Amino acid sequence: MSNPFESYVTEYDKWYDSEKGKIIYENEAKCIQKFLGSCKDRILEVGVGTGRFAVLSKNVTGVDKAFSPLKIAKLRGIPVARAKAEVLPFRDKTFSCVMFIVTLPFVENVFLALNEAKRVLKDNGSIIVGEIFLDSYLGKLYEEKKRQGHPFYRFAKFYHFTEFQEILSQCCLKTEKVFGTLKNFSFQNPEPEEPEEIDIKNFEELPGFVCMEIKKW
């Protein structure tokens, strides 16, 4: 079975330069940047793809299991390595932050991926997860696209927010802060937004893109 991130890498990357893609990307980038300031030195992005989010901060290393996106990320100046999220080629406690930006739905084993991130993370470091949850309109839309056989999303495993929190707990990880964007999301007419902090114990529906700072217990 072919990897869509290999087969459609050009189309995937060009979307970020489209009129609509730029707005959505900038909204997501502002959400991620809420946490990047706490990353004091080396950062690892797992599932770096073509490097669109890795360029938001200096000193980012990227890994991805797909080779074609890594070639584009390297052209953007990102040091890269080909590796799976479940088996990272780095020593223990190497990075101050580890990022997963819409990556975890596509890994083979989310528990192994998170435990590997925890292993290479310094003791007071942060795991930054940017995700789309089934508790949002966008998550429901992506789940429907999955059922329809979308070339990317048919391979994805999307989570409810509480389900993901339980996964973190089983990995001895805890959520510290949460911000969200794409609250009034529309593929047709996206608008610039500022990220808003989310009360994770009291929400009716999540915004389309949620970014979390996660720490070791």
# chains A, B, ... in the order shown; residues from 1 in each chain; ligands from 1
>>> select_by_dssp(residues="segment 90-214 of chain A", states="strand (DSSP E or B)", output="PyMOL selection string")
chain A and resi 95-101+121-131+136+173-181+196-197+206+209-214
>>> residues_around(residues="Cys211 of chain A", least_positions_apart="6", cutoff="10 Å", atoms="only C-alpha atoms", output="PyMOL selection string")
chain A and resi 28-35+100-102+128-132+177-181+195+197-198
>>> select_by_dssp(residues="segment 24-127 of chain A", states="helix (DSSP H, G or I)", output="VMD selection string")
chain A and resid 24 to 36 54 to 56 67 to 75 104 to 106 110 to 120
>>> write_last_selection(atoms="C-alpha atoms", output="PDB file, in the first residue's frame")
ATOM      1  CA  ILE A  24      -5.390  28.276   7.797  1.00  0.00           C
ATOM      2  CA  TYR A  25      -1.638  27.730   8.161  1.00  0.00           C
ATOM      3  CA  GLU A  26      -1.100  31.123   9.775  1.00  0.00           C
ATOM      4  CA  ASN A  27      -3.891  30.443  12.280  1.00  0.00           C
ATOM      5  CA  GLU A  28      -2.366  27.082  13.196  1.00  0.00           C
ATOM      6  CA  ALA A  29       1.145  28.567  13.368  1.00  0.00           C
ATOM      7  CA  LYS A  30       0.040  31.238  15.854  1.00  0.00           C
ATOM      8  CA  CYS A  31      -1.446  28.503  18.033  1.00  0.00           C
ATOM      9  CA  ILE A  32       1.765  26.445  17.996  1.00  0.00           C
ATOM     10  CA  GLN A  33       3.878  29.508  18.738  1.00  0.00           C
ATOM     11  CA  LYS A  34       2.084  29.907  22.056  1.00  0.00           C
ATOM     12  CA  PHE A  35       4.353  27.108  23.311  1.00  0.00           C
ATOM     13  CA  LEU A  36       7.543  27.400  21.273  1.00  0.00           C
ATOM     14  CA  ALA A  54       9.546  23.238  11.689  1.00  0.00           C
ATOM     15  CA  VAL A  55      10.521  26.625  10.233  1.00  0.00           C
ATOM     16  CA  LEU A  56       8.560  28.386  12.994  1.00  0.00           C
ATOM     17  CA  PHE A  67      11.284  10.126   2.199  1.00  0.00           C
ATOM     18  CA  SER A  68       9.851  12.565  -0.379  1.00  0.00           C
ATOM     19  CA  PRO A  69       8.678  15.202   2.129  1.00  0.00           C
ATOM     20  CA  LEU A  70      12.067  15.121   3.846  1.00  0.00           C
ATOM     21  CA  LYS A  71      13.748  16.287   0.641  1.00  0.00           C
ATOM     22  CA  ILE A  72      11.586  19.421   0.654  1.00  0.00           C
ATOM     23  CA  ALA A  73      12.124  19.998   4.400  1.00  0.00           C
ATOM     24  CA  LYS A  74      15.878  19.781   3.843  1.00  0.00           C
ATOM     25  CA  LEU A  75      15.630  22.481   1.149  1.00  0.00           C
ATOM     26  CA  LEU A 104      -0.296  11.034  15.893  1.00  0.00           C
ATOM     27  CA  PRO A 105      -3.409   9.939  13.936  1.00  0.00           C
ATOM     28  CA  PHE A 106      -1.041   8.483  11.329  1.00  0.00           C
ATOM     29  CA  VAL A 110       0.445   6.000  19.449  1.00  0.00           C
ATOM     30  CA  PHE A 111       1.644   4.612  22.804  1.00  0.00           C
ATOM     31  CA  LEU A 112       5.085   3.717  21.470  1.00  0.00           C
ATOM     32  CA  ALA A 113       5.334   7.082  19.705  1.00  0.00           C
ATOM     33  CA  LEU A 114       4.541   9.046  22.859  1.00  0.00           C
ATOM     34  CA  ASN A 115       6.863   6.940  24.997  1.00  0.00           C
ATOM     35  CA  GLU A 116       9.688   7.483  22.492  1.00  0.00           C
ATOM     36  CA  ALA A 117       9.021  11.226  22.619  1.00  0.00           C
ATOM     37  CA  LYS A 118       9.167  11.051  26.412  1.00  0.00           C
ATOM     38  CA  ARG A 119      12.445   9.132  26.243  1.00  0.00           C
ATOM     39  CA  VAL A 120      14.255  11.723  24.078  1.00  0.00           C
TER      40      VAL A 120
END
>>> residues_around(residues="Phe187 of chain A", least_positions_apart="2", cutoff="12 Å", atoms="only C-alpha atoms", output="NGL selection string")
:A and (18-24 or 137-138 or 141-142 or 182 or 184-185 or 189-191 or 208)
>>> residues_around(residues="Ala83 of chain A", least_positions_apart="5", cutoff="6 Å", atoms="only C-alpha atoms", output="list in words")
Val63, Asp64 and Lys65 of chain A
>>> atom_distance(atom1="atom CA of Trp15 of chain A", atom2="atom CA of Thr50 of chain A")
11.6 Å
>>> closest_residue(among="A:Asn202, A:Thr103, A:Ser96, A:Asn3", to="Phe53 of chain A", atoms="only C-alpha atoms")
A:Thr103
